[in-house]
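Pasted below: entry-v4.pdb, PDB, C-alpha atoms and all ligand atoms.
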```pdb
ATOM      1  CA  MET A   1      38.111  -1.478  76.128
ATOM      2  CA  ALA A   2      41.505  -1.889  77.731
ATOM      3  CA  VAL A   3      44.486  -0.356  75.958
ATOM      4  CA  GLU A   4      47.061  -2.929  74.995
ATOM      5  CA  ILE A   5      50.597  -2.697  76.344
ATOM      6  CA  LYS A   6      53.091  -3.990  73.801
ATOM      7  CA  SER A   7      55.949  -6.303  74.777
ATOM      8  CA  LYS A   8      59.546  -5.603  73.686
ATOM      9  CA  HIS A   9      59.089  -8.079  70.867
ATOM     10  CA  GLU A  10      55.883  -6.401  69.673
ATOM     11  CA  ILE A  11      57.526  -2.977  69.878
ATOM     12  CA  GLU A  12      60.224  -4.194  67.484
ATOM     13  CA  LYS A  13      57.487  -5.266  65.056
ATOM     14  CA  MET A  14      55.829  -1.865  65.406
ATOM     15  CA  ARG A  15      59.156  -0.142  64.727
ATOM     16  CA  ALA A  16      59.614  -2.169  61.544
ATOM     17  CA  THR A  17      56.156  -1.566  60.082
ATOM     18  CA  CYS A  18      56.234   2.125  61.022
ATOM     19  CA  ARG A  19      59.684   2.516  59.466
ATOM     20  CA  LEU A  20      58.308   1.012  56.265
ATOM     21  CA  ALA A  21      55.215   3.270  56.252
ATOM     22  CA  ALA A  22      57.412   6.349  56.744
ATOM     23  CA  SER A  23      59.719   5.247  53.943
ATOM     24  CA  VAL A  24      56.750   5.164  51.555
ATOM     25  CA  LEU A  25      56.220   8.908  52.152
ATOM     26  CA  GLU A  26      59.929   9.471  51.502
ATOM     27  CA  PHE A  27      59.687   7.455  48.292
ATOM     28  CA  ILE A  28      56.522   9.122  46.975
ATOM     29  CA  GLU A  29      57.433  12.767  47.626
ATOM     30  CA  PRO A  30      59.336  13.393  44.332
ATOM     31  CA  HIS A  31      56.410  11.926  42.385
ATOM     32  CA  VAL A  32      53.918  14.507  43.671
ATOM     33  CA  GLN A  33      54.003  16.736  40.569
ATOM     34  CA  PRO A  34      51.553  18.587  38.344
ATOM     35  CA  GLY A  35      50.008  16.214  35.791
ATOM     36  CA  VAL A  36      50.322  13.145  38.030
ATOM     37  CA  SER A  37      47.012  11.513  39.039
ATOM     38  CA  THR A  38      46.211  10.291  42.524
ATOM     39  CA  GLU A  39      45.865   6.801  41.019
ATOM     40  CA  ASP A  40      49.466   7.086  39.734
ATOM     41  CA  LEU A  41      50.534   7.755  43.348
ATOM     42  CA  ASN A  42      48.410   4.824  44.538
ATOM     43  CA  ARG A  43      50.012   2.428  42.067
ATOM     44  CA  LEU A  44      53.562   3.541  42.918
ATOM     45  CA  CYS A  45      52.957   3.169  46.674
ATOM     46  CA  HIS A  46      51.134  -0.143  46.253
ATOM     47  CA  ASP A  47      54.048  -1.648  44.310
ATOM     48  CA  TYR A  48      56.635  -0.243  46.730
ATOM     49  CA  ILE A  49      54.858  -1.787  49.725
ATOM     50  CA  VAL A  50      54.168  -5.164  48.116
ATOM     51  CA  GLU A  51      57.778  -5.448  46.890
ATOM     52  CA  ARG A  52      58.846  -5.177  50.525
ATOM     53  CA  ASN A  53      56.694  -8.121  51.616
ATOM     54  CA  ALA A  54      54.088  -5.950  53.273
ATOM     55  CA  TYR A  55      50.418  -5.231  52.602
ATOM     56  CA  PRO A  56      48.866  -1.793  51.951
ATOM     57  CA  SER A  57      46.384  -1.877  54.840
ATOM     58  CA  PRO A  58      43.632   0.358  53.354
ATOM     59  CA  LEU A  59      43.081  -1.993  50.397
ATOM     60  CA  ASN A  60      39.728  -3.731  51.037
ATOM     61  CA  TYR A  61      39.646  -2.414  54.618
ATOM     62  CA  LYS A  62      35.897  -2.142  55.309
ATOM     63  CA  GLY A  63      35.511  -2.003  51.530
ATOM     64  CA  PHE A  64      38.017   0.792  50.838
ATOM     65  CA  PRO A  65      38.976   0.215  47.179
ATOM     66  CA  LYS A  66      42.596   1.466  47.022
ATOM     67  CA  SER A  67      45.952   1.050  48.753
ATOM     68  CA  ILE A  68      46.484   4.584  50.083
ATOM     69  CA  CYS A  69      44.349   7.651  50.858
ATOM     70  CA  THR A  70      44.911  10.797  48.792
ATOM     71  CA  SER A  71      43.069  13.862  50.088
ATOM     72  CA  VAL A  72      43.381  16.980  47.917
ATOM     73  CA  ASN A  73      42.520  20.582  48.943
ATOM     74  CA  GLU A  74      38.980  20.554  50.445
ATOM     75  CA  VAL A  75      39.117  16.788  51.062
ATOM     76  CA  VAL A  76      39.627  16.243  54.792
ATOM     77  CA  CYS A  77      40.564  12.542  54.721
ATOM     78  CA  HIS A  78      39.905   9.156  53.086
ATOM     79  CA  GLY A  79      40.190  10.511  49.531
ATOM     80  CA  ILE A  80      40.089   7.609  47.057
ATOM     81  CA  PRO A  81      42.864   7.573  44.439
ATOM     82  CA  ASP A  82      41.384   8.178  40.995
ATOM     83  CA  PRO A  83      42.955   8.286  37.508
ATOM     84  CA  LYS A  84      40.718  11.291  36.722
ATOM     85  CA  LYS A  85      42.019  13.287  39.697
ATOM     86  CA  VAL A  86      45.076  14.955  38.161
ATOM     87  CA  LEU A  87      47.184  17.185  40.416
ATOM     88  CA  LYS A  88      47.694  20.862  39.523
ATOM     89  CA  GLN A  89      50.388  23.334  40.561
ATOM     90  CA  GLY A  90      49.527  24.724  44.012
ATOM     91  CA  ASP A  91      47.206  21.888  45.079
ATOM     92  CA  ILE A  92      47.817  20.525  48.570
ATOM     93  CA  ILE A  93      47.514  16.781  49.114
ATOM     94  CA  ASN A  94      47.595  14.582  52.169
ATOM     95  CA  ILE A  95      49.000  11.144  51.459
ATOM     96  CA  ASP A  96      48.101   8.643  54.182
ATOM     97  CA  ILE A  97      50.062   5.403  54.247
ATOM     98  CA  THR A  98      49.300   2.387  56.380
ATOM     99  CA  THR A  99      51.324  -0.804  56.087
ATOM    100  CA  THR A 100      50.815  -4.253  57.521
ATOM    101  CA  LEU A 101      54.175  -5.959  58.049
ATOM    102  CA  ASP A 102      54.479  -9.245  59.897
ATOM    103  CA  GLY A 103      50.957  -8.731  61.259
ATOM    104  CA  TYR A 104      51.551  -5.223  62.659
ATOM    105  CA  PHE A 105      50.159  -1.917  61.377
ATOM    106  CA  GLY A 106      52.070   1.343  60.962
ATOM    107  CA  ASP A 107      50.224   4.538  60.033
ATOM    108  CA  CYS A 108      51.431   7.994  58.985
ATOM    109  CA  SER A 109      50.490  10.843  56.699
ATOM    110  CA  ASP A 110      51.725  14.223  55.641
ATOM    111  CA  MET A 111      50.958  17.136  53.335
ATOM    112  CA  PHE A 112      52.690  17.678  49.996
ATOM    113  CA  ILE A 113      52.520  20.814  47.862
ATOM    114  CA  VAL A 114      52.131  20.111  44.165
ATOM    115  CA  GLY A 115      54.920  21.894  42.268
ATOM    116  CA  GLY A 116      56.495  23.006  45.561
ATOM    117  CA  LYS A 117      54.590  26.258  46.005
ATOM    118  CA  THR A 118      51.024  27.098  47.017
ATOM    119  CA  ASN A 119      49.127  30.185  48.224
ATOM    120  CA  LYS A 120      50.027  31.718  51.582
ATOM    121  CA  HIS A 121      46.758  30.642  53.254
ATOM    122  CA  ALA A 122      47.361  26.996  52.372
ATOM    123  CA  GLN A 123      51.012  27.199  53.412
ATOM    124  CA  LYS A 124      50.047  28.587  56.819
ATOM    125  CA  LEU A 125      47.382  25.905  57.224
ATOM    126  CA  ILE A 126      49.988  23.212  56.598
ATOM    127  CA  ASP A 127      52.505  24.786  58.994
ATOM    128  CA  VAL A 128      49.925  25.091  61.784
ATOM    129  CA  THR A 129      48.704  21.520  61.193
ATOM    130  CA  ARG A 130      52.210  20.052  61.520
ATOM    131  CA  GLU A 131      52.963  22.192  64.556
ATOM    132  CA  SER A 132      49.701  21.118  66.198
ATOM    133  CA  LEU A 133      50.601  17.444  65.668
ATOM    134  CA  TRP A 134      53.935  18.016  67.398
ATOM    135  CA  LEU A 135      52.339  19.953  70.257
ATOM    136  CA  GLY A 136      50.160  16.877  70.735
ATOM    137  CA  ILE A 137      53.185  14.561  70.580
ATOM    138  CA  ARG A 138      54.902  16.554  73.335
ATOM    139  CA  GLU A 139      51.962  15.711  75.627
ATOM    140  CA  VAL A 140      52.718  11.989  75.373
ATOM    141  CA  GLY A 141      54.360  10.339  78.380
ATOM    142  CA  PRO A 142      53.730   7.901  81.217
ATOM    143  CA  ASN A 143      50.884   8.946  83.533
ATOM    144  CA  LYS A 144      49.916  11.863  81.301
ATOM    145  CA  ARG A 145      46.291  11.915  80.121
ATOM    146  CA  LEU A 146      45.008  11.375  76.602
ATOM    147  CA  GLY A 147      42.695  14.403  76.763
ATOM    148  CA  ASP A 148      45.713  16.687  77.083
ATOM    149  CA  ILE A 149      46.796  15.825  73.533
ATOM    150  CA  GLY A 150      43.621  17.142  71.923
ATOM    151  CA  ALA A 151      43.494  20.075  74.337
ATOM    152  CA  VAL A 152      46.822  21.494  73.134
ATOM    153  CA  ILE A 153      45.957  20.823  69.487
ATOM    154  CA  TYR A 154      42.628  22.642  69.838
ATOM    155  CA  GLU A 155      44.138  25.512  71.812
ATOM    156  CA  PHE A 156      46.770  26.128  69.131
ATOM    157  CA  ALA A 157      44.833  25.464  65.919
ATOM    158  CA  HIS A 158      41.451  26.885  66.956
ATOM    159  CA  ASN A 159      41.906  29.360  69.811
ATOM    160  CA  ARG A 160      45.188  30.784  68.548
ATOM    161  CA  HIS A 161      44.792  30.499  64.756
ATOM    162  CA  GLY A 162      41.013  30.377  64.270
ATOM    163  CA  TYR A 163      40.976  27.113  62.337
ATOM    164  CA  GLY A 164      38.319  24.393  62.485
ATOM    165  CA  VAL A 165      39.521  21.229  64.255
ATOM    166  CA  VAL A 166      37.733  18.145  62.941
ATOM    167  CA  GLU A 167      36.034  16.187  65.683
ATOM    168  CA  MET A 168      34.448  13.359  63.687
ATOM    169  CA  PHE A 169      37.733  11.513  62.992
ATOM    170  CA  CYS A 170      40.217  10.652  65.735
ATOM    171  CA  GLY A 171      43.650   9.203  66.294
ATOM    172  CA  HIS A 172      43.572   5.575  67.414
ATOM    173  CA  GLY A 173      45.389   2.761  69.101
ATOM    174  CA  ILE A 174      47.276   0.612  66.599
ATOM    175  CA  GLY A 175      49.092  -2.705  66.647
ATOM    176  CA  ARG A 176      47.775  -6.018  65.389
ATOM    177  CA  GLU A 177      44.696  -4.093  64.316
ATOM    178  CA  PHE A 178      44.421  -0.972  62.179
ATOM    179  CA  HIS A 179      42.118   0.838  64.603
ATOM    180  CA  MET A 180      41.855  -0.190  68.235
ATOM    181  CA  ALA A 181      41.414   1.419  71.671
ATOM    182  CA  PRO A 182      42.010   4.147  72.654
ATOM    183  CA  GLN A 183      40.425   6.905  70.573
ATOM    184  CA  VAL A 184      42.620   9.980  70.524
ATOM    185  CA  SER A 185      40.473  13.081  70.072
ATOM    186  CA  HIS A 186      42.018  16.221  68.614
ATOM    187  CA  VAL A 187      39.489  18.282  70.575
ATOM    188  CA  GLY A 188      40.351  16.873  73.997
ATOM    189  CA  ARG A 189      39.900  18.477  77.378
ATOM    190  CA  LYS A 190      42.837  19.056  79.679
ATOM    191  CA  GLY A 191      43.028  16.685  82.633
ATOM    192  CA  THR A 192      40.572  14.180  81.149
ATOM    193  CA  GLY A 193      40.882  10.761  79.562
ATOM    194  CA  ARG A 194      42.895   7.670  80.258
ATOM    195  CA  ARG A 195      46.410   7.777  81.580
ATOM    196  CA  MET A 196      49.129   6.752  79.151
ATOM    197  CA  LYS A 197      51.443   3.870  80.016
ATOM    198  CA  PRO A 198      54.773   2.763  78.543
ATOM    199  CA  GLY A 199      54.191   0.251  75.744
ATOM    200  CA  MET A 200      51.006   1.844  74.414
ATOM    201  CA  THR A 201      51.044   2.708  70.707
ATOM    202  CA  PHE A 202      48.596   5.080  69.076
ATOM    203  CA  THR A 203      48.354   7.647  66.323
ATOM    204  CA  ILE A 204      47.854  11.381  66.535
ATOM    205  CA  GLU A 205      46.447  12.743  63.260
ATOM    206  CA  PRO A 206      44.797  16.165  63.494
ATOM    207  CA  MET A 207      42.674  17.348  60.569
ATOM    208  CA  ILE A 208      42.646  21.146  60.529
ATOM    209  CA  ASN A 209      40.346  23.259  58.326
ATOM    210  CA  ILE A 210      40.673  26.880  57.223
ATOM    211  CA  GLY A 211      36.910  27.284  57.808
ATOM    212  CA  THR A 212      34.269  25.108  59.422
ATOM    213  CA  GLU A 213      35.190  21.928  61.299
ATOM    214  CA  HIS A 214      32.097  20.235  59.826
ATOM    215  CA  CYS A 215      32.516  17.588  57.176
ATOM    216  CA  GLU A 216      30.363  15.905  54.575
ATOM    217  CA  ILE A 217      30.828  12.359  53.252
ATOM    218  CA  LEU A 218      30.424  11.787  49.505
ATOM    219  CA  ASP A 219      28.183   9.056  48.085
ATOM    220  CA  ASP A 220      31.260   6.848  47.622
ATOM    221  CA  GLY A 221      30.919   6.291  51.380
ATOM    222  CA  TRP A 222      34.506   7.428  52.091
ATOM    223  CA  THR A 223      35.599  10.834  50.816
ATOM    224  CA  ALA A 224      35.216  13.365  53.647
ATOM    225  CA  LEU A 225      35.247  17.001  52.583
ATOM    226  CA  THR A 226      34.714  20.285  54.337
ATOM    227  CA  ARG A 227      31.120  21.463  54.373
ATOM    228  CA  ASP A 228      32.189  24.950  53.235
ATOM    229  CA  ARG A 229      34.726  23.575  50.686
ATOM    230  CA  LYS A 230      37.545  25.565  52.241
ATOM    231  CA  TRP A 231      40.828  23.685  52.351
ATOM    232  CA  SER A 232      41.912  21.174  54.970
ATOM    233  CA  ALA A 233      45.243  19.699  56.064
ATOM    234  CA  GLN A 234      46.321  16.682  58.115
ATOM    235  CA  ALA A 235      49.508  15.169  59.487
ATOM    236  CA  GLU A 236      49.853  11.843  61.294
ATOM    237  CA  HIS A 237      52.448   9.899  63.239
ATOM    238  CA  THR A 238      52.356   6.598  65.121
ATOM    239  CA  ILE A 239      53.704   7.123  68.644
ATOM    240  CA  LEU A 240      55.033   4.756  71.316
ATOM    241  CA  VAL A 241      54.724   5.757  74.971
ATOM    242  CA  THR A 242      58.116   5.137  76.626
ATOM    243  CA  GLU A 243      59.374   5.382  80.228
ATOM    244  CA  ALA A 244      61.014   8.681  79.269
ATOM    245  CA  GLY A 245      58.088  10.126  77.294
ATOM    246  CA  PHE A 246      57.504   9.266  73.666
ATOM    247  CA  GLU A 247      59.105   7.740  70.606
ATOM    248  CA  VAL A 248      57.809   8.798  67.184
ATOM    249  CA  LEU A 249      57.861   5.558  65.188
ATOM    250  CA  THR A 250      57.179   7.114  61.757
ATOM    251  CA  LEU A 251      59.909   9.753  61.442
ATOM    252  CA  ARG A 252      61.429  10.111  57.993
ATOM    253  CA  ARG A 253      64.102  12.042  56.172
ATOM    254  CA  GLY A 254      62.635  15.325  54.980
ATOM    255  CA  GLY A 255      59.723  15.149  57.441
ATOM    256  CA  TYR A 256      58.959  18.066  59.743
ATOM    257  CA  CYS A 257      60.423  18.143  63.232
ATOM    258  CA  PRO A 258      60.356  21.159  65.586
ATOM    259  CA  PRO A 259      63.783  22.832  65.820
ATOM    260  CA  ASP A 260      64.259  22.152  69.553
ATOM    261  CA  LEU A 261      63.670  18.417  69.045
ATOM    262  CA  ARG A 262      65.978  17.987  66.035
ATOM    263  CA  ASP A 263      68.659  16.046  67.990
ATOM    264  CA  THR A 264      66.108  13.443  68.976
ATOM    265  CA  CYS A 265      64.255  13.436  65.630
ATOM    266  CA  LEU A 266      66.524  10.983  63.879
ATOM    267  CA  PRO A 267      64.734   9.442  60.916
ATOM    268  CA  VAL A 268      63.962   5.793  61.363
ATOM    269  CA  THR A 269      63.986   5.196  57.616
ATOM    270  CA  ALA A 270      67.071   3.586  56.054
TER
HETATM  271  N1  LIG B 301      44.955   5.719  57.542
HETATM  272  C1  LIG B 301      43.708   6.237  58.024
HETATM  273  C2  LIG B 301      43.929   6.580  59.464
HETATM  274  O1  LIG B 301      44.794   7.362  59.722
HETATM  275  C3  LIG B 301      42.580   5.295  57.870
HETATM  276  C4  LIG B 301      42.222   5.000  56.488
HETATM  277  S1  LIG B 301      40.911   3.909  56.469
HETATM  278  C5  LIG B 301      40.780   3.566  54.837
HETATM  279  O2  LIG B 301      43.356   6.082  60.386
HETATM  280  F1  LIG B 301      39.978   2.601  54.746
HETATM  281  F2  LIG B 301      40.375   4.663  54.223
HETATM  282  F3  LIG B 301      41.937   3.242  54.405
HETATM  283 CO    CO B 302      45.481   6.667  61.578
HETATM  284 CO    CO B 303      46.483   7.168  58.493
END
```

Take the structure in the file and write it out as structure tokens.
Amino acid sequence: MAVEIKSKHEIEKMRATCRLAASVLEFIEPHVQPGVSTEDLNRLCHDYIVERNAYPSPLNYKGFPKSICTSVNEVVCHGIPDPKKVLKQGDIINIDITTTLDGYFGDCSDMFIVGGKTNKHAQKLIDVTRESLWLGIREVGPNKRLGDIGAVIYEFAHNRHGYGVVEMFCGHGIGREFHMAPQVSHVGRKGTGRRMKPGMTFTIEPMINIGTEHCEILDDGWTALTRDRKWSAQAEHTILVTEAGFEVLTLRRGGYCPPDLRDTCLPVTA
């Protein structure tokens, strides 16, 4: 499958939908509190997105029943919001937002700490996960190879920190479809894979586990959790390949950005 190159016009549409998706994370952050259910978060995000003339892409996507994914503690990804799942102090939750605006998809996720403080193992997991995403982002540029992204993520998260790097879910091309070519593995090999070209848009979204990289899917057909039930973290951005390197389309106020990139990490959200 060829990888689409977006026109200037399409890139503007991608910027708009990604800006909206990022703004949902900005909006929801103060609501992530002890006593709040993941369905409460779903409802708030759903209304926010619909009020802005967009559609919450997960809703009914291949039968997914809710508008966002909420993945708590040992849940790796695709957690289904649930009124019975009430957040507790110290829980860690990934909130994954995808919007469809004017026909274009924007996809991002990040970790939130319920009550602002968690245990030191979970905090380190989150820090390493975000750093590994940004190491991957730095590998994006014209003529660079897709395998290099996963190679640096794996080197840092697994070889350096001993974490499990999930192989069964990948980053993906994105545009007029939610998931399209290419697949972006987080366990890539250096010097392999397609060459990136300006105008490509794809996500990078490493899932990093304290223990085993192996996952199990619940009978709901969606919820992926770690086989050993140790905790997992994920962070995701949608990236545009530019002539100069990369543009992160889903930056937001309050989101993580490595210190040496701060000048260029201007939030796209209003
Ligand atoms: N947003 C997820 C991703 O990063 C996909 C969620 S699929 C859903 O690719 F159906 F669970 F919404
Ligand atoms: Co994605
Ligand atoms: Co996502």

List all protein, DNA and RNA residues that have an atom no more than 8 Å from any atom of ligand CO 302 (chain B), counting all atoms listed in the file, and report them as a short mmCIF file (atom, residue, chain, number, x, y, z; two decimals) with C-alpha atoms, in the coordinates of the input.
```
data_model
loop_
_atom_site.label_atom_id
_atom_site.label_comp_id
_atom_site.auth_asym_id
_atom_site.auth_seq_id
_atom_site.Cartn_x
_atom_site.Cartn_y
_atom_site.Cartn_z
CA THR A 98 49.30 2.39 56.38
CA ASP A 107 50.22 4.54 60.03
CA CYS A 108 51.43 7.99 58.98
CA CYS A 170 40.22 10.65 65.74
CA GLY A 171 43.65 9.20 66.29
CA HIS A 172 43.57 5.58 67.41
CA PHE A 178 44.42 -0.97 62.18
CA HIS A 179 42.12 0.84 64.60
CA THR A 203 48.35 7.65 66.32
CA ILE A 204 47.85 11.38 66.54
CA GLU A 205 46.45 12.74 63.26
CA GLU A 236 49.85 11.84 61.29
CA HIS A 237 52.45 9.90 63.24
CA THR A 238 52.36 6.60 65.12
#
```

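You will find CA of Asp96 (chain A) at 23.8 Å from CA of Glu4 (chain A).
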
- prompt: How many Å separate CA of Ile11 (chain A) from CA of Asn42 (chain A)?
  reply: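 Result for CA of Ile11 (chain A) versus CA of Asn42 (chain A): 28.0 Å, one decimal.
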
statement: Using only C-alpha atoms, the shortest atom-to-atom distance to Phe156 (chain A) among A:Ile5, A:Leu218, A:Leu125, A:Leu240 belongs to A:Leu125

message: Taking the file as I've supplied it (selection: the PyMOL selection byres (((chain A and resi 182-189) around 7) and not hetatm)), which residues are included? Please answer as a PyMOL selection string.
response: chain A and resi 3+146-151+153-154+165+167+170-173+180-181+190-192+204+206

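The shortest atom-to-atom distance to Glu74 (chain A), with only C-alpha atoms taken into account, belongs to A:Glu213 out of A:Glu247, A:Asp263, A:Glu10, A:Glu213.
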
- prompt: With only C-alpha atoms and all ligand atoms as the basis for distance, which of A:Cys257, A:Val86, A:Ile68, A:Val140 is at the shortest distance from ligand CO 303 (chain B)?
  reply: A:Ile68

Picked residues, the PyMOL selection byres (((chain A and resi 131) around 9) and not hetatm), as an mmCIF file with C-alpha atoms, keeping the file's coordinate frame:
```cif
data_model
loop_
_atom_site.group_PDB
_atom_site.id
_atom_site.type_symbol
_atom_site.label_atom_id
_atom_site.label_comp_id
_atom_site.auth_asym_id
_atom_site.auth_seq_id
_atom_site.Cartn_x
_atom_site.Cartn_y
_atom_site.Cartn_z
ATOM 1 C CA ILE A 126 49.988 23.212 56.598
ATOM 2 C CA ASP A 127 52.505 24.786 58.994
ATOM 3 C CA VAL A 128 49.925 25.091 61.784
ATOM 4 C CA THR A 129 48.704 21.520 61.193
ATOM 5 C CA ARG A 130 52.210 20.052 61.520
ATOM 6 C CA SER A 132 49.701 21.118 66.198
ATOM 7 C CA LEU A 133 50.601 17.444 65.668
ATOM 8 C CA TRP A 134 53.935 18.016 67.398
ATOM 9 C CA LEU A 135 52.339 19.953 70.257
ATOM 10 C CA GLY A 136 50.160 16.877 70.735
ATOM 11 C CA ILE A 153 45.957 20.823 69.487
ATOM 12 C CA PHE A 156 46.770 26.128 69.131
ATOM 13 C CA ALA A 157 44.833 25.464 65.919
ATOM 14 C CA TYR A 256 58.959 18.066 59.743
ATOM 15 C CA CYS A 257 60.423 18.143 63.232
ATOM 16 C CA PRO A 258 60.356 21.159 65.586
#
```

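Among the candidate residues A:Ile210, A:Ala224, A:Val76, A:Cys69, the one lying nearest to ligand CO 303 (chain B) is A:Cys69, with distances computed using only C-alpha atoms and all ligand atoms.
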
- prompt: Using only C-alpha atoms, which of the listed residues (A:Cys215, A:Leu87, A:Met1, A:Ala16) sits closest to Arg227 (chain A)?
  reply: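 Selected residue with least distance to Arg227 (chain A): A:Cys215.
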
query: Can you list, as a PyMOL selection string, the residues that the PyMOL selection byres (((chain A and resi 36) around 10) and not hetatm) selects here?
result: chain A and resi 31-35+37-41+83-88+114

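Summary of the local environment: counting all atoms listed in the file, residues at most 9 Å from Ser23 (chain A), other than itself and those fewer than 2 positions away along its chain, are Cys18, Arg19, Leu20, Ala21, Leu25, Glu26, Phe27, Ile28, Thr250, Leu251, Arg252, Arg253, Val268, Thr269 and Ala270 of chain A.
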
message: Between CA of Phe202 (chain A) and CA of Ile174 (chain A), what is the distance in Å, rounded to a tenth?
response: 5.3 Å

message: Using all atoms listed in the file, can you tell me which of A:Asp82, A:Asp110, A:Asp228, A:Glu12 comes closest to ligand LIG 301 (chain B)?
response: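 Going through A:Asp82, A:Asp110, A:Asp228, A:Glu12 one by one, the smallest distance to ligand LIG 301 (chain B) is for A:Asp110.
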
message: Using all atoms listed in the file, list the residues that have an atom at most 12 Å from (37.5, 0.5, 54.1), coordinates as in the file, as a PyMOL selection string.
response: chain A and resi 56-69+78-80+178-179+220-223

Go ahead and write the residues just picked, C-alpha atoms, as an mmCIF file, in the frame of the given file.
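Result written to out_26.cif:
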```cif
data_model
loop_
_atom_site.group_PDB
_atom_site.id
_atom_site.type_symbol
_atom_site.label_atom_id
_atom_site.label_comp_id
_atom_site.auth_asym_id
_atom_site.auth_seq_id
_atom_site.Cartn_x
_atom_site.Cartn_y
_atom_site.Cartn_z
ATOM 1 C CA PRO A 56 48.866 -1.793 51.951
ATOM 2 C CA SER A 57 46.384 -1.877 54.840
ATOM 3 C CA PRO A 58 43.632 0.358 53.354
ATOM 4 C CA LEU A 59 43.081 -1.993 50.397
ATOM 5 C CA ASN A 60 39.728 -3.731 51.037
ATOM 6 C CA TYR A 61 39.646 -2.414 54.618
ATOM 7 C CA LYS A 62 35.897 -2.142 55.309
ATOM 8 C CA GLY A 63 35.511 -2.003 51.530
ATOM 9 C CA PHE A 64 38.017 0.792 50.838
ATOM 10 C CA PRO A 65 38.976 0.215 47.179
ATOM 11 C CA LYS A 66 42.596 1.466 47.022
ATOM 12 C CA SER A 67 45.952 1.050 48.753
ATOM 13 C CA ILE A 68 46.484 4.584 50.083
ATOM 14 C CA CYS A 69 44.349 7.651 50.858
ATOM 15 C CA HIS A 78 39.905 9.156 53.086
ATOM 16 C CA GLY A 79 40.190 10.511 49.531
ATOM 17 C CA ILE A 80 40.089 7.609 47.057
ATOM 18 C CA PHE A 178 44.421 -0.972 62.179
ATOM 19 C CA HIS A 179 42.118 0.838 64.603
ATOM 20 C CA ASP A 220 31.260 6.848 47.622
ATOM 21 C CA GLY A 221 30.919 6.291 51.380
ATOM 22 C CA TRP A 222 34.506 7.428 52.091
ATOM 23 C CA THR A 223 35.599 10.834 50.816
#
```

- prompt: Could you pull the residues within 7 Å of Gly245 (chain A), counting all atoms listed in the file, minus those fewer than 4 positions along the same chain, as a list of chain:residue names?
  reply: A:Val140, A:Gly141, A:Pro142, A:Val241

Size and centre in Å, one decimal, axis-aligned box, all listed ligand LIG 301 (chain B) atoms plus 5 Å per side, as AutoDock Vina command-line options:
```
--center_x 42.5 --center_y 5.0 --center_z 57.3 --size_x 15.0 --size_y 14.8 --size_z 16.2
```

I want to know what sits within 12 Å of Asn53 (chain A), based on only C-alpha atoms, with residues of the same chain fewer than 5 positions away left out; could you give that as a PDB file with C-alpha atoms, in the frame of the given file?
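Saved to out23.pdb:
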```pdb
ATOM      1  CA  ALA A  16      59.614  -2.169  61.544  1.00  0.00           C
ATOM      2  CA  THR A  17      56.156  -1.566  60.082  1.00  0.00           C
ATOM      3  CA  LEU A  20      58.308   1.012  56.265  1.00  0.00           C
ATOM      4  CA  HIS A  46      51.134  -0.143  46.253  1.00  0.00           C
ATOM      5  CA  ASP A  47      54.048  -1.648  44.310  1.00  0.00           C
ATOM      6  CA  TYR A  48      56.635  -0.243  46.730  1.00  0.00           C
ATOM      7  CA  THR A  99      51.324  -0.804  56.087  1.00  0.00           C
ATOM      8  CA  THR A 100      50.815  -4.253  57.521  1.00  0.00           C
ATOM      9  CA  LEU A 101      54.175  -5.959  58.049  1.00  0.00           C
ATOM     10  CA  ASP A 102      54.479  -9.245  59.897  1.00  0.00           C
ATOM     11  CA  GLY A 103      50.957  -8.731  61.259  1.00  0.00           C
TER      12      GLY A 103
END
```
